[in-house]
file my_file28.cif (mmCIF, C-alpha atoms and all ligand atoms)
data_upload
loop_
_atom_site.label_atom_id
_atom_site.label_comp_id
_atom_site.auth_asym_id
_atom_site.auth_seq_id
_atom_site.Cartn_x
_atom_site.Cartn_y
_atom_site.Cartn_z
CA MET A 1 0.00 0.00 0.00
CA ALA A 2 2.68 2.45 1.07
CA GLU A 3 4.74 1.54 -2.02
CA ASN A 4 1.84 2.37 -4.34
CA HIS A 5 1.53 5.78 -2.75
CA HIS A 6 5.25 6.30 -3.18
CA ASP A 7 5.10 5.31 -6.87
CA ALA A 8 2.16 7.61 -7.53
CA ARG A 9 4.00 10.48 -5.95
CA GLU A 10 7.24 9.76 -7.82
CA ALA A 11 5.36 9.69 -11.14
CA THR A 12 3.84 13.12 -10.60
CA MET A 13 7.19 14.59 -9.57
CA VAL A 14 8.85 13.95 -12.94
CA GLY A 15 8.49 16.63 -15.59
CA ARG A 16 10.36 17.88 -18.66
CA ARG A 17 12.24 21.08 -19.25
CA THR A 18 11.61 22.97 -22.52
CA ASP A 19 14.79 21.39 -23.95
CA GLY A 20 13.33 17.90 -23.34
CA THR A 21 15.52 16.81 -20.42
CA LEU A 22 13.83 15.27 -17.36
CA VAL A 23 13.43 17.25 -14.19
CA ARG A 24 12.22 16.16 -10.74
CA ARG A 25 10.13 18.90 -9.24
CA PRO A 26 8.46 19.06 -5.83
CA LEU A 27 4.65 19.16 -5.78
CA SER A 28 2.40 19.82 -2.82
CA PRO A 29 0.90 16.57 -1.46
CA HIS A 30 -2.40 15.56 -3.03
CA LEU A 31 -5.09 12.97 -2.16
CA GLN A 32 -3.09 9.88 -3.17
CA VAL A 33 -0.28 10.48 -0.65
CA TYR A 34 -2.59 10.30 2.39
CA ASP A 35 -3.08 6.86 3.98
CA MET A 36 -6.62 7.25 5.31
CA LEU A 37 -9.28 9.70 6.32
CA GLN A 38 -8.00 11.76 9.24
CA MET A 39 -9.86 13.97 11.72
CA THR A 40 -8.60 17.09 9.92
CA SER A 41 -9.81 16.08 6.45
CA ALA A 42 -12.98 14.31 7.64
CA THR A 43 -14.24 17.33 9.61
CA SER A 44 -13.32 19.69 6.75
CA ILE A 45 -15.17 17.59 4.15
CA MET A 46 -18.20 17.37 6.46
CA HIS A 47 -18.14 21.14 6.91
CA ARG A 48 -18.43 21.70 3.15
CA ILE A 49 -21.07 18.96 2.71
CA THR A 50 -23.17 20.36 5.58
CA GLY A 51 -22.77 23.90 4.17
CA SER A 52 -24.20 22.68 0.85
CA ALA A 53 -26.94 20.65 2.57
CA TRP A 54 -27.91 23.70 4.63
CA SER A 55 -28.28 25.71 1.39
CA VAL A 56 -30.65 23.03 0.02
CA GLY A 57 -32.47 22.94 3.37
CA LEU A 58 -33.10 26.69 3.09
CA ALA A 59 -35.26 25.99 0.01
CA PHE A 60 -37.63 24.03 2.28
CA PHE A 61 -37.62 26.92 4.72
CA VAL A 62 -38.59 29.30 1.88
CA TRP A 63 -41.36 26.86 0.82
CA TRP A 64 -42.67 26.96 4.41
CA ILE A 65 -42.56 30.82 4.64
CA VAL A 66 -44.18 31.30 1.21
CA ALA A 67 -46.91 28.77 2.10
CA LEU A 68 -47.50 30.61 5.37
CA ALA A 69 -48.15 33.82 3.40
CA SER A 70 -50.21 32.04 0.71
CA GLY A 71 -53.02 30.71 2.88
CA PRO A 72 -54.32 27.63 4.73
CA ALA A 73 -54.39 25.25 1.74
CA ALA A 74 -50.73 25.87 0.80
CA TYR A 75 -49.73 25.69 4.45
CA ALA A 76 -51.55 22.38 4.89
CA ASN A 77 -49.45 20.91 2.04
CA VAL A 78 -46.21 21.84 3.80
CA GLN A 79 -47.55 20.50 7.11
CA TRP A 80 -48.50 17.24 5.41
CA PHE A 81 -45.06 16.78 3.83
CA MET A 82 -43.04 17.82 6.91
CA GLY A 83 -45.15 15.49 9.07
CA SER A 84 -44.68 12.52 6.72
CA PHE A 85 -42.02 9.87 7.35
CA ILE A 86 -39.69 11.35 4.71
CA GLY A 87 -40.36 14.88 5.96
CA VAL A 88 -39.45 14.01 9.56
CA ILE A 89 -36.26 12.18 8.46
CA LEU A 90 -35.37 15.22 6.34
CA LEU A 91 -35.96 17.68 9.21
CA PHE A 92 -34.01 15.49 11.64
CA GLY A 93 -31.10 15.26 9.19
CA LEU A 94 -31.24 18.99 8.58
CA THR A 95 -31.10 19.62 12.34
CA ALA A 96 -27.88 17.58 12.53
CA VAL A 97 -26.51 19.33 9.42
CA VAL A 98 -27.16 22.79 10.87
CA TRP A 99 -25.66 21.90 14.28
CA TYR A 100 -22.56 20.35 12.74
CA HIS A 101 -21.97 23.28 10.36
CA THR A 102 -22.41 25.78 13.21
CA LEU A 103 -20.12 23.92 15.65
CA ALA A 104 -17.47 23.43 12.95
CA GLY A 105 -17.86 27.16 12.18
CA VAL A 106 -17.19 28.01 15.84
CA ARG A 107 -14.13 25.72 15.63
CA HIS A 108 -12.97 27.90 12.70
CA LEU A 109 -13.43 31.05 14.82
CA TYR A 110 -11.22 29.46 17.47
CA TRP A 111 -8.57 28.81 14.80
CA ASP A 112 -9.02 32.36 13.46
CA ALA A 113 -8.17 33.63 16.94
CA GLY A 114 -4.90 31.72 16.66
CA TYR A 115 -5.60 28.69 18.88
CA GLY A 116 -5.94 24.92 18.52
CA TYR A 117 -3.56 24.04 15.68
CA ASP A 118 -1.70 21.17 17.40
CA ILE A 119 -2.82 17.63 16.53
CA PRO A 120 -4.16 16.55 19.98
CA THR A 121 -6.30 19.73 20.22
CA THR A 122 -7.47 19.24 16.62
CA TYR A 123 -8.74 15.77 17.59
CA ARG A 124 -10.38 17.05 20.79
CA THR A 125 -12.22 19.90 19.04
CA GLY A 126 -13.11 17.58 16.14
CA TRP A 127 -14.71 15.04 18.48
CA ALA A 128 -16.38 17.90 20.37
CA ALA A 129 -18.05 19.05 17.12
CA ILE A 130 -19.14 15.50 16.20
CA ILE A 131 -20.41 14.48 19.65
CA GLY A 132 -21.85 17.99 20.20
CA THR A 133 -23.85 17.57 16.97
CA GLY A 134 -25.39 14.31 18.25
CA VAL A 135 -26.24 15.75 21.67
CA LEU A 136 -27.64 19.07 20.39
CA THR A 137 -29.66 17.37 17.62
CA VAL A 138 -31.36 15.06 20.13
CA LEU A 139 -31.90 17.94 22.59
CA THR A 140 -33.44 20.10 19.83
CA TRP A 141 -35.92 17.33 19.04
CA ILE A 142 -36.76 16.71 22.69
CA VAL A 143 -37.58 20.42 23.06
CA ALA A 144 -39.53 20.40 19.76
CA VAL A 145 -41.60 17.34 20.71
CA ILE A 146 -42.36 18.75 24.19
CA ALA A 147 -43.43 22.07 22.59
CA TRP A 148 -45.56 20.22 20.01
CA ALA A 149 -47.25 18.02 22.64
CA SER A 150 -48.11 20.86 25.03
C1 LIG A 201 -27.71 29.83 6.33
C2 LIG A 201 -26.65 29.39 6.96
C3 LIG A 201 -25.41 28.86 6.28
C4 LIG A 201 -25.22 28.35 5.02
C5 LIG A 201 -26.23 28.16 3.92
C6 LIG A 201 -23.81 28.03 4.92
C7 LIG A 201 -23.20 27.47 3.80
C8 LIG A 201 -21.86 27.23 3.66
C9 LIG A 201 -21.24 26.60 2.52
C10 LIG A 201 -21.94 26.15 1.25
C11 LIG A 201 -19.91 26.54 2.77
C12 LIG A 201 -18.83 25.90 1.87
C13 LIG A 201 -18.19 26.95 1.01
C14 LIG A 201 -17.06 26.34 0.21
O1 LIG A 201 -16.48 25.34 0.64
O2 LIG A 201 -16.74 26.87 -0.85
C15 LIG A 201 -19.67 27.13 4.06
C16 LIG A 201 -18.43 27.28 4.64
C17 LIG A 201 -18.23 27.81 5.89
N1 LIG A 201 -19.20 28.15 6.82
FE1 LIG A 201 -21.16 28.22 6.46
N2 LIG A 201 -23.18 28.33 6.10
C18 LIG A 201 -24.11 28.84 6.97
C19 LIG A 201 -23.92 29.24 8.28
C20 LIG A 201 -22.71 29.24 8.92
C21 LIG A 201 -22.52 29.59 10.32
C22 LIG A 201 -23.64 29.93 11.31
C23 LIG A 201 -21.17 29.53 10.54
C24 LIG A 201 -20.40 29.80 11.80
C25 LIG A 201 -20.83 29.58 13.02
C26 LIG A 201 -20.51 29.17 9.29
C27 LIG A 201 -19.16 29.03 9.10
C28 LIG A 201 -18.56 28.63 7.95
C29 LIG A 201 -17.11 28.58 7.73
C30 LIG A 201 -16.04 29.01 8.72
C31 LIG A 201 -16.91 28.07 6.45
C32 LIG A 201 -15.56 27.86 5.73
C33 LIG A 201 -14.98 26.51 6.05
C34 LIG A 201 -13.60 26.30 5.43
O3 LIG A 201 -12.92 27.29 5.12
O4 LIG A 201 -13.19 25.14 5.31
N3 LIG A 201 -21.48 28.98 8.34
N4 LIG A 201 -20.88 27.53 4.59
#

call {"tool": "encode", "arguments": {"input": "my_file28.cif", "output": "structure tokens"}}
result
Amino acid sequence: MAENHHDAREATMVGRRTDGTLVRRPLSPHLQVYDMLQMTSATSIMHRITGSAWSVGLAFFVWWIVALASGPAAYANVQWFMGSFIGVILLFGLTAVVWYHTLAGVRHLYWDAGYGYDIPTTYRTGWAAIIGTGVLTVLTWIVAVIAWAS
């Protein structure tokens, strides 16, 4: 496995000068030189995915607001969909998406202030964002269900 990575890297490091002679030039590391998904890359990828998912989720929010202004029939459609099995799964997923993106965003603010760049801290804050997402998502739904039932 390690040898394959080495070969791939060697291959990309060889280039040609304008006179045709070979030259070995340094390139910044790319995907093929990493052994596995690490906390740094995994949390970064999830931040971008949740940012995109949040943008899509906003379309549902707009649907809800427009329906609210359009009258009872339009609003009933939204209520029906959001209360369906798929609607509830979607809203639950969106809750997790929004919490993760926000917590990872706060992690960025911490970095922007100049802290938390060492590997152990990166792992601690990464786990905090992941576990925090689970806890806050469940708490949000407990509060929502209590509010709905009362
Ligand atoms: C309506 C709410 C939001 C939407 C739709 C949204 C969407 C996005 C998207 C699509 C990206 C990826 C951009 C890219 O990779 O080119 C992104 C990145 C980012 N978001 Fe959000 N976001 C929202 C709220 C927030 C909040 C509340 C925070 C902070 C608490 C935040 C912090 C960040 C940061 C720091 C990045 C850059 C991450 C990086 O450089 O790797 N976002 N957002």

call {"tool": "residues_near_ligand", "arguments": {"input": "my_file28.cif", "ligand": "ligand LIG 201 (chain A)", "cutoff": "8 Å", "atoms": "all atoms listed in the file", "output": "PyMOL selection string"}}
result
chain A and resi 44-45+47-56+58+98+101-109

call {"tool": "atom_distance", "arguments": {"input": "my_file28.cif", "atom1": "CA of Ser150 in chain A", "atom2": "CA of Leu68 in chain A"}}
result
22.0 Å

call {"tool": "closest_residue", "arguments": {"input": "my_file28.cif", "among": "A:Gly83, A:Thr43, A:Val97, A:Arg17", "to": "Trp148 in chain A", "atoms": "all atoms listed in the file"}}
result
A:Gly83

call {"tool": "residues_near_point", "arguments": {"input": "my_file28.cif", "point": "(-22.5, 18.9, 18.9)", "cutoff": "10 Å", "atoms": "only C-alpha atoms", "output": "list in words"}}
result
Ala96, Trp99, Tyr100, His101, Thr102, Leu103, Ala104, Gly126, Trp127, Ala128, Ala129, Ile130, Ile131, Gly132, Thr133, Gly134, Val135, Leu136, Thr137 and Val138 of chain A

call {"tool": "atom_distance", "arguments": {"input": "my_file28.cif", "atom1": "CA of Thr125 in chain A", "atom2": "CA of Ala42 in chain A"}}
result
12.7 Å

call {"tool": "closest_residue", "arguments": {"input": "my_file28.cif", "among": "A:Phe61, A:Tyr34, A:Trp111, A:Trp141", "to": "Val88 in chain A", "atoms": "only C-alpha atoms"}}
result
A:Trp141

call {"tool": "atom_distance", "arguments": {"input": "my_file28.cif", "atom1": "CA of Leu94 in chain A", "atom2": "CA of Ala144 in chain A"}}
result
14.0 Å

call {"tool": "residues_near_point", "arguments": {"input": "my_file28.cif", "point": "(-47.1, 22.7, 6.0)", "cutoff": "12 Å", "atoms": "all atoms listed in the file", "output": "count of residues only"}}
result
26

call {"tool": "decode", "arguments": {"input": "my_file28.cif", "residues": "range 6-130 of chain A", "atoms": "C-alpha atoms", "output": "PDB file, in the first residue's frame"}}
result
ATOM      1  CA  HIS A   6       5.253   6.296  -3.176  1.00  0.00           C
ATOM      2  CA  ASP A   7       5.104   5.307  -6.873  1.00  0.00           C
ATOM      3  CA  ALA A   8       2.162   7.606  -7.534  1.00  0.00           C
ATOM      4  CA  ARG A   9       3.998  10.480  -5.946  1.00  0.00           C
ATOM      5  CA  GLU A  10       7.236   9.756  -7.825  1.00  0.00           C
ATOM      6  CA  ALA A  11       5.356   9.692 -11.139  1.00  0.00           C
ATOM      7  CA  THR A  12       3.841  13.118 -10.600  1.00  0.00           C
ATOM      8  CA  MET A  13       7.189  14.590  -9.571  1.00  0.00           C
ATOM      9  CA  VAL A  14       8.846  13.954 -12.937  1.00  0.00           C
ATOM     10  CA  GLY A  15       8.495  16.629 -15.585  1.00  0.00           C
ATOM     11  CA  ARG A  16      10.357  17.882 -18.660  1.00  0.00           C
ATOM     12  CA  ARG A  17      12.236  21.076 -19.247  1.00  0.00           C
ATOM     13  CA  THR A  18      11.611  22.971 -22.517  1.00  0.00           C
ATOM     14  CA  ASP A  19      14.792  21.391 -23.953  1.00  0.00           C
ATOM     15  CA  GLY A  20      13.326  17.899 -23.343  1.00  0.00           C
ATOM     16  CA  THR A  21      15.521  16.812 -20.418  1.00  0.00           C
ATOM     17  CA  LEU A  22      13.830  15.268 -17.364  1.00  0.00           C
ATOM     18  CA  VAL A  23      13.425  17.254 -14.186  1.00  0.00           C
ATOM     19  CA  ARG A  24      12.216  16.159 -10.741  1.00  0.00           C
ATOM     20  CA  ARG A  25      10.132  18.895  -9.240  1.00  0.00           C
ATOM     21  CA  PRO A  26       8.459  19.059  -5.829  1.00  0.00           C
ATOM     22  CA  LEU A  27       4.652  19.160  -5.779  1.00  0.00           C
ATOM     23  CA  SER A  28       2.401  19.820  -2.819  1.00  0.00           C
ATOM     24  CA  PRO A  29       0.897  16.571  -1.456  1.00  0.00           C
ATOM     25  CA  HIS A  30      -2.402  15.555  -3.034  1.00  0.00           C
ATOM     26  CA  LEU A  31      -5.090  12.974  -2.161  1.00  0.00           C
ATOM     27  CA  GLN A  32      -3.090   9.877  -3.170  1.00  0.00           C
ATOM     28  CA  VAL A  33      -0.285  10.483  -0.649  1.00  0.00           C
ATOM     29  CA  TYR A  34      -2.586  10.301   2.395  1.00  0.00           C
ATOM     30  CA  ASP A  35      -3.075   6.858   3.976  1.00  0.00           C
ATOM     31  CA  MET A  36      -6.615   7.252   5.305  1.00  0.00           C
ATOM     32  CA  LEU A  37      -9.276   9.698   6.324  1.00  0.00           C
ATOM     33  CA  GLN A  38      -7.997  11.759   9.238  1.00  0.00           C
ATOM     34  CA  MET A  39      -9.863  13.973  11.720  1.00  0.00           C
ATOM     35  CA  THR A  40      -8.604  17.094   9.924  1.00  0.00           C
ATOM     36  CA  SER A  41      -9.806  16.077   6.447  1.00  0.00           C
ATOM     37  CA  ALA A  42     -12.981  14.308   7.639  1.00  0.00           C
ATOM     38  CA  THR A  43     -14.241  17.329   9.612  1.00  0.00           C
ATOM     39  CA  SER A  44     -13.321  19.693   6.749  1.00  0.00           C
ATOM     40  CA  ILE A  45     -15.173  17.594   4.151  1.00  0.00           C
ATOM     41  CA  MET A  46     -18.205  17.369   6.460  1.00  0.00           C
ATOM     42  CA  HIS A  47     -18.144  21.141   6.914  1.00  0.00           C
ATOM     43  CA  ARG A  48     -18.426  21.695   3.155  1.00  0.00           C
ATOM     44  CA  ILE A  49     -21.072  18.963   2.711  1.00  0.00           C
ATOM     45  CA  THR A  50     -23.174  20.357   5.583  1.00  0.00           C
ATOM     46  CA  GLY A  51     -22.768  23.896   4.170  1.00  0.00           C
ATOM     47  CA  SER A  52     -24.200  22.680   0.851  1.00  0.00           C
ATOM     48  CA  ALA A  53     -26.941  20.653   2.570  1.00  0.00           C
ATOM     49  CA  TRP A  54     -27.911  23.697   4.634  1.00  0.00           C
ATOM     50  CA  SER A  55     -28.281  25.705   1.391  1.00  0.00           C
ATOM     51  CA  VAL A  56     -30.648  23.029   0.019  1.00  0.00           C
ATOM     52  CA  GLY A  57     -32.468  22.944   3.370  1.00  0.00           C
ATOM     53  CA  LEU A  58     -33.102  26.687   3.089  1.00  0.00           C
ATOM     54  CA  ALA A  59     -35.256  25.993   0.010  1.00  0.00           C
ATOM     55  CA  PHE A  60     -37.630  24.025   2.280  1.00  0.00           C
ATOM     56  CA  PHE A  61     -37.623  26.921   4.717  1.00  0.00           C
ATOM     57  CA  VAL A  62     -38.590  29.298   1.879  1.00  0.00           C
ATOM     58  CA  TRP A  63     -41.365  26.860   0.819  1.00  0.00           C
ATOM     59  CA  TRP A  64     -42.670  26.964   4.412  1.00  0.00           C
ATOM     60  CA  ILE A  65     -42.559  30.817   4.641  1.00  0.00           C
ATOM     61  CA  VAL A  66     -44.177  31.301   1.209  1.00  0.00           C
ATOM     62  CA  ALA A  67     -46.908  28.767   2.097  1.00  0.00           C
ATOM     63  CA  LEU A  68     -47.498  30.614   5.371  1.00  0.00           C
ATOM     64  CA  ALA A  69     -48.153  33.818   3.399  1.00  0.00           C
ATOM     65  CA  SER A  70     -50.209  32.043   0.711  1.00  0.00           C
ATOM     66  CA  GLY A  71     -53.016  30.708   2.881  1.00  0.00           C
ATOM     67  CA  PRO A  72     -54.318  27.633   4.734  1.00  0.00           C
ATOM     68  CA  ALA A  73     -54.395  25.253   1.736  1.00  0.00           C
ATOM     69  CA  ALA A  74     -50.734  25.875   0.802  1.00  0.00           C
ATOM     70  CA  TYR A  75     -49.727  25.688   4.454  1.00  0.00           C
ATOM     71  CA  ALA A  76     -51.548  22.381   4.888  1.00  0.00           C
ATOM     72  CA  ASN A  77     -49.454  20.915   2.037  1.00  0.00           C
ATOM     73  CA  VAL A  78     -46.214  21.839   3.801  1.00  0.00           C
ATOM     74  CA  GLN A  79     -47.553  20.501   7.109  1.00  0.00           C
ATOM     75  CA  TRP A  80     -48.497  17.238   5.408  1.00  0.00           C
ATOM     76  CA  PHE A  81     -45.061  16.781   3.833  1.00  0.00           C
ATOM     77  CA  MET A  82     -43.041  17.825   6.912  1.00  0.00           C
ATOM     78  CA  GLY A  83     -45.146  15.490   9.069  1.00  0.00           C
ATOM     79  CA  SER A  84     -44.677  12.521   6.719  1.00  0.00           C
ATOM     80  CA  PHE A  85     -42.019   9.866   7.354  1.00  0.00           C
ATOM     81  CA  ILE A  86     -39.690  11.345   4.710  1.00  0.00           C
ATOM     82  CA  GLY A  87     -40.359  14.883   5.960  1.00  0.00           C
ATOM     83  CA  VAL A  88     -39.447  14.006   9.564  1.00  0.00           C
ATOM     84  CA  ILE A  89     -36.260  12.176   8.462  1.00  0.00           C
ATOM     85  CA  LEU A  90     -35.367  15.221   6.343  1.00  0.00           C
ATOM     86  CA  LEU A  91     -35.960  17.677   9.208  1.00  0.00           C
ATOM     87  CA  PHE A  92     -34.011  15.494  11.640  1.00  0.00           C
ATOM     88  CA  GLY A  93     -31.099  15.260   9.189  1.00  0.00           C
ATOM     89  CA  LEU A  94     -31.245  18.985   8.582  1.00  0.00           C
ATOM     90  CA  THR A  95     -31.104  19.623  12.339  1.00  0.00           C
ATOM     91  CA  ALA A  96     -27.880  17.578  12.526  1.00  0.00           C
ATOM     92  CA  VAL A  97     -26.509  19.333   9.416  1.00  0.00           C
ATOM     93  CA  VAL A  98     -27.159  22.787  10.873  1.00  0.00           C
ATOM     94  CA  TRP A  99     -25.661  21.903  14.275  1.00  0.00           C
ATOM     95  CA  TYR A 100     -22.558  20.354  12.743  1.00  0.00           C
ATOM     96  CA  HIS A 101     -21.965  23.278  10.365  1.00  0.00           C
ATOM     97  CA  THR A 102     -22.406  25.778  13.213  1.00  0.00           C
ATOM     98  CA  LEU A 103     -20.117  23.919  15.650  1.00  0.00           C
ATOM     99  CA  ALA A 104     -17.469  23.433  12.950  1.00  0.00           C
ATOM    100  CA  GLY A 105     -17.864  27.162  12.179  1.00  0.00           C
ATOM    101  CA  VAL A 106     -17.191  28.011  15.840  1.00  0.00           C
ATOM    102  CA  ARG A 107     -14.133  25.719  15.628  1.00  0.00           C
ATOM    103  CA  HIS A 108     -12.974  27.896  12.701  1.00  0.00           C
ATOM    104  CA  LEU A 109     -13.431  31.046  14.816  1.00  0.00           C
ATOM    105  CA  TYR A 110     -11.224  29.458  17.472  1.00  0.00           C
ATOM    106  CA  TRP A 111      -8.571  28.811  14.802  1.00  0.00           C
ATOM    107  CA  ASP A 112      -9.017  32.356  13.463  1.00  0.00           C
ATOM    108  CA  ALA A 113      -8.175  33.632  16.944  1.00  0.00           C
ATOM    109  CA  GLY A 114      -4.897  31.715  16.656  1.00  0.00           C
ATOM    110  CA  TYR A 115      -5.596  28.685  18.875  1.00  0.00           C
ATOM    111  CA  GLY A 116      -5.938  24.917  18.522  1.00  0.00           C
ATOM    112  CA  TYR A 117      -3.564  24.042  15.680  1.00  0.00           C
ATOM    113  CA  ASP A 118      -1.702  21.167  17.399  1.00  0.00           C
ATOM    114  CA  ILE A 119      -2.820  17.634  16.527  1.00  0.00           C
ATOM    115  CA  PRO A 120      -4.159  16.553  19.981  1.00  0.00           C
ATOM    116  CA  THR A 121      -6.296  19.730  20.215  1.00  0.00           C
ATOM    117  CA  THR A 122      -7.468  19.236  16.621  1.00  0.00           C
ATOM    118  CA  TYR A 123      -8.736  15.771  17.591  1.00  0.00           C
ATOM    119  CA  ARG A 124     -10.376  17.047  20.789  1.00  0.00           C
ATOM    120  CA  THR A 125     -12.224  19.902  19.036  1.00  0.00           C
ATOM    121  CA  GLY A 126     -13.113  17.581  16.136  1.00  0.00           C
ATOM    122  CA  TRP A 127     -14.713  15.042  18.479  1.00  0.00           C
ATOM    123  CA  ALA A 128     -16.381  17.905  20.372  1.00  0.00           C
ATOM    124  CA  ALA A 129     -18.046  19.054  17.119  1.00  0.00           C
ATOM    125  CA  ILE A 130     -19.138  15.501  16.196  1.00  0.00           C
TER     126      ILE A 130
END
